[in-house]
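Asker: This is the structure I want to talk about, given as structure tokens.
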Amino acid sequence: MQTRVGLGVILAQWGRIGCIGFGGPPTHILLLRRLCVTERGWLTAEEFEDGIAATTLLPGPASTQLAIFCAWRLRGVPGALVGAVGFICPGLVVILALAALFLSGNPPLWVTGAAAGAGSAVAAVAAHAASGLIPASWRRARHHGRWIAYLLLGAASTVLFGPWVVLALVGCGFVEVTWRSRTVRSFALPLIGGIAGGLPWVALKVGALSYGGGFVIIPLMQADAVDRYHWMTGAQFLNAVALGQITPGPVVQTVAVVGYAAGGLAGGLLASLLAFAPSFLFVVIGGPRFDRLRASATVQSFLDGAGPAAIGAIAGSAVPLGLTLHHPWQAIVLALAAIWLLLLRRGVVTALLGAGLLGVGAALAGFALM
């Protein structure tokens, strides 16, 4: 550790980023770089870039892992723990408060309208997220035919098989490993299949098996939360995804809303703890081994298979999300959001806020909401 920074400083600075980090991973990376490299000089530019490269190899929310990694570099395991708390907790508090409001038995009319409006745009947000991931993944692909096959398998699995999409992600990864080596050599994949059903498995699945970025949470959670366990309606799941986008901190905070629907405040806290625990463990256990991880041909091969499948899963999730909408005015909001995001290439937060305002207008005008 080249620089020893006080735990109080880490808590304050990582907490500040957790409070103002609207906009997802690009914003988080920018704020962390500005703090650790440009302003404080705690890390060199090369060390920070190495951190980005290493954490992108791990499943789970990459920007959360980068925040934990930077804190780990400064103060080891205690720093990683304090940094994780500072980065995650502000958004968690906000999203649980909003979950209590949106999921209450009799929310105000404007709240219901805002939720219905923002939820209408979520399918477009999923398509936008997938489209943003495609170029880099396509460039790194060694065989574009297999890349397309993995993408299509991920999309089809989301549309047809719901909660079993995780098998497609892992399967595509192993197919690519096998294809290149013809034998599956030693490969430490963080599968947690021994935990059976319910909220713990759904949350752990999000944290440990979400290859391709935070938005993979949608196909990993939707079928379980809505169809299998009936914790929430399809419309409420749309609201949960929207809340995860417009609150600060990592998008994976969406899991807290699902947990709240399943078990109240305790469920929301448990879901968050289980979803973020793998990120912490991956960094503190794997940190000293990141150089070997990055150099491993087997790991790279697995990600070359699982990555495009995850992108396909994100894109495919737009289909069941869109089918959740029930009213013509919501289809109009979805179309406007698609134009804003996919054609005009504008921001996700503004799209969801605008859709929410349209929903409030629809509610006040007397249009059906449920």
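As shown in the structure tokens, the chain order sets the letters A, B, ...; within each chain, residues go from 1, and ligands are also counted from 1 in the order they appear.
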Looking only at the backbone, which of the residues in region 71-225 of chain A does DSSP tag as helix (DSSP H, G or I), as an MDAnalysis selection string?
Answerer: chainID A and resid 71:102 109:120 122:140 144:181 198:209 214:225
Asker: Listing only residues of region 238-336 of chain A within 6 Å of region 119-140 of chain A, what is the closest atom pair and its distance in Å (to one decimal) for each, using only C-alpha atoms, sorted by chain and residue number ascending, as CSV?
Answerer:
residue,atom,partner,partner_atom,distance
A:Leu238,CA,A:Gly119,CA,4.6
A:Asn239,CA,A:Gly119,CA,5.0
A:Ile311,CA,A:Ala130,CA,5.4
A:Ile314,CA,A:Ala130,CA,5.8
A:Ala315,CA,A:Ala127,CA,5.1
A:Ala318,CA,A:Ala123,CA,4.4
A:Leu321,CA,A:Ala123,CA,5.4
A:Gly322,CA,A:Ala123,CA,5.5
A:Gln330,CA,A:Ser120,CA,5.4
A:Leu334,CA,A:Ala121,CA,4.7
Asker: List the neighbours of region 282-294 of chain A out to 7 Å using only C-alpha atoms; skip same-chain residues closer than 5 positions along the sequence, and give me the result as an MDAnalysis selection string.
Answerer: chainID A and resid 54 65 69 77 299
Asker: List the spatial neighbours of Ala256 (chain A) as a PyMOL selection string - criterion: any atom at most 12 Å away, only C-alpha atoms, same-chain residues fewer than 2 positions off excluded.
Answerer: chain A and resi 88-89+91-100+199-200+202-203+206+217+221+225+237+240-241+243-244+250-254+258-276
Asker: Do you have, as CSV, the list of residues of region 111-188 of chain A lying at most 7 Å from region 345-367 of chain A, each with its nearest atom pair and that distance in Å to one decimal, counting only C-alpha atoms and ordered by chain then number?
Answerer:
residue,atom,partner,partner_atom,distance
A:Gly113,CA,A:Val360,CA,4.4
A:Ala114,CA,A:Gly356,CA,4.1
A:Ala115,CA,A:Gly356,CA,6.3
A:Ala116,CA,A:Gly359,CA,5.9
A:Gly117,CA,A:Gly359,CA,3.8
A:Ala118,CA,A:Gly356,CA,4.4
A:Ala121,CA,A:Leu352,CA,6.4
A:Val125,CA,A:Val348,CA,6.7
Asker: Skip region 33-36 of chain A itself and residues of its chain fewer than 4 positions away, then list as a ChimeraX atom specification all residues within 10 Å of it, counting only C-alpha atoms.
Answerer: /A:13-14,17,27-29,40-45,48-49,67,70-71,74
Asker: Save the residues we just selected, N, CA, C and O atoms, as a CSV table (one decimal), in the first residue's frame?
Answerer:
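Dumped to result.csv:
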chain,number,residue,atom,x,y,z
A,13,GLN,N,-15.3,10.6,1.9
A,13,GLN,CA,-15.2,10.8,0.4
A,13,GLN,C,-16.0,9.8,-0.4
A,13,GLN,O,-16.6,10.1,-1.4
A,14,TRP,N,-15.9,8.5,0.0
A,14,TRP,CA,-16.7,7.5,-0.7
A,14,TRP,C,-18.2,7.7,-0.4
A,14,TRP,O,-19.0,7.5,-1.3
A,17,ILE,N,-19.3,10.5,-2.8
A,17,ILE,CA,-19.6,9.9,-4.2
A,17,ILE,C,-20.9,9.1,-4.2
A,17,ILE,O,-21.6,9.2,-5.2
A,27,THR,N,-20.4,7.9,-14.4
A,27,THR,CA,-20.3,8.9,-13.4
A,27,THR,C,-19.4,8.5,-12.2
A,27,THR,O,-18.5,9.2,-11.8
A,28,HIS,N,-19.6,7.2,-11.8
A,28,HIS,CA,-18.9,6.7,-10.6
A,28,HIS,C,-17.4,6.7,-11.0
A,28,HIS,O,-16.5,7.0,-10.1
A,29,ILE,N,-17.1,6.2,-12.2
A,29,ILE,CA,-15.6,6.1,-12.5
A,29,ILE,C,-15.0,7.4,-12.6
A,29,ILE,O,-13.9,7.7,-12.2
A,40,ARG,N,-6.2,14.0,-5.2
A,40,ARG,CA,-5.5,13.5,-4.0
A,40,ARG,C,-4.2,12.8,-4.3
A,40,ARG,O,-3.3,12.7,-3.5
A,41,GLY,N,-4.0,12.3,-5.5
A,41,GLY,CA,-2.8,11.6,-5.9
A,41,GLY,C,-2.6,10.3,-5.1
A,41,GLY,O,-1.5,9.8,-4.9
A,42,TRP,N,-3.7,9.7,-4.6
A,42,TRP,CA,-3.5,8.5,-3.8
A,42,TRP,C,-3.1,7.3,-4.7
A,42,TRP,O,-2.5,6.4,-4.3
A,43,LEU,N,-3.6,7.3,-6.0
A,43,LEU,CA,-3.3,6.3,-6.9
A,43,LEU,C,-2.7,6.9,-8.2
A,43,LEU,O,-3.1,8.1,-8.5
A,44,THR,N,-1.8,6.2,-8.9
A,44,THR,CA,-1.4,6.7,-10.2
A,44,THR,C,-2.4,6.4,-11.2
A,44,THR,O,-3.3,5.6,-11.0
A,45,ALA,N,-2.3,7.1,-12.4
A,45,ALA,CA,-3.3,6.9,-13.4
A,45,ALA,C,-3.2,5.4,-13.9
A,45,ALA,O,-4.3,4.8,-14.2
A,48,PHE,N,-5.0,3.1,-11.4
A,48,PHE,CA,-6.5,3.3,-11.5
A,48,PHE,C,-7.0,2.5,-12.7
A,48,PHE,O,-8.0,1.8,-12.7
A,49,GLU,N,-6.3,2.7,-13.9
A,49,GLU,CA,-6.7,2.0,-15.1
A,49,GLU,C,-6.6,0.4,-14.9
A,49,GLU,O,-7.4,-0.3,-15.4
A,67,ALA,N,-15.0,1.0,-6.7
A,67,ALA,CA,-14.9,1.8,-5.5
A,67,ALA,C,-14.3,1.0,-4.4
A,67,ALA,O,-13.5,1.5,-3.6
A,70,CYS,N,-10.4,0.6,-5.0
A,70,CYS,CA,-9.7,1.8,-4.7
A,70,CYS,C,-9.5,2.0,-3.2
A,70,CYS,O,-8.4,2.3,-2.7
A,71,ALA,N,-10.5,1.7,-2.4
A,71,ALA,CA,-10.4,1.8,-1.0
A,71,ALA,C,-9.5,0.7,-0.4
A,71,ALA,O,-8.8,1.0,0.5
A,74,LEU,N,-5.9,1.6,-0.6
A,74,LEU,CA,-5.5,2.7,0.3
A,74,LEU,C,-5.3,2.1,1.7
A,74,LEU,O,-4.4,2.6,2.5
Asker: Give me, please, the distance in Å between CA of Ala310 (chain A) and CA of Pro90 (chain A), quoted to one decimal.
Answerer: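 Interatomic distance, CA of Ala310 (chain A) to CA of Pro90 (chain A): 28.0 Å.
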Asker: Could you jot down the CA of Gly207 (chain A) to CA of Val166 (chain A) separation for me, Å, one decimal place?
Answerer: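 According to the coordinates, CA of Gly207 (chain A) and CA of Val166 (chain A) are separated by 12.0 Å.
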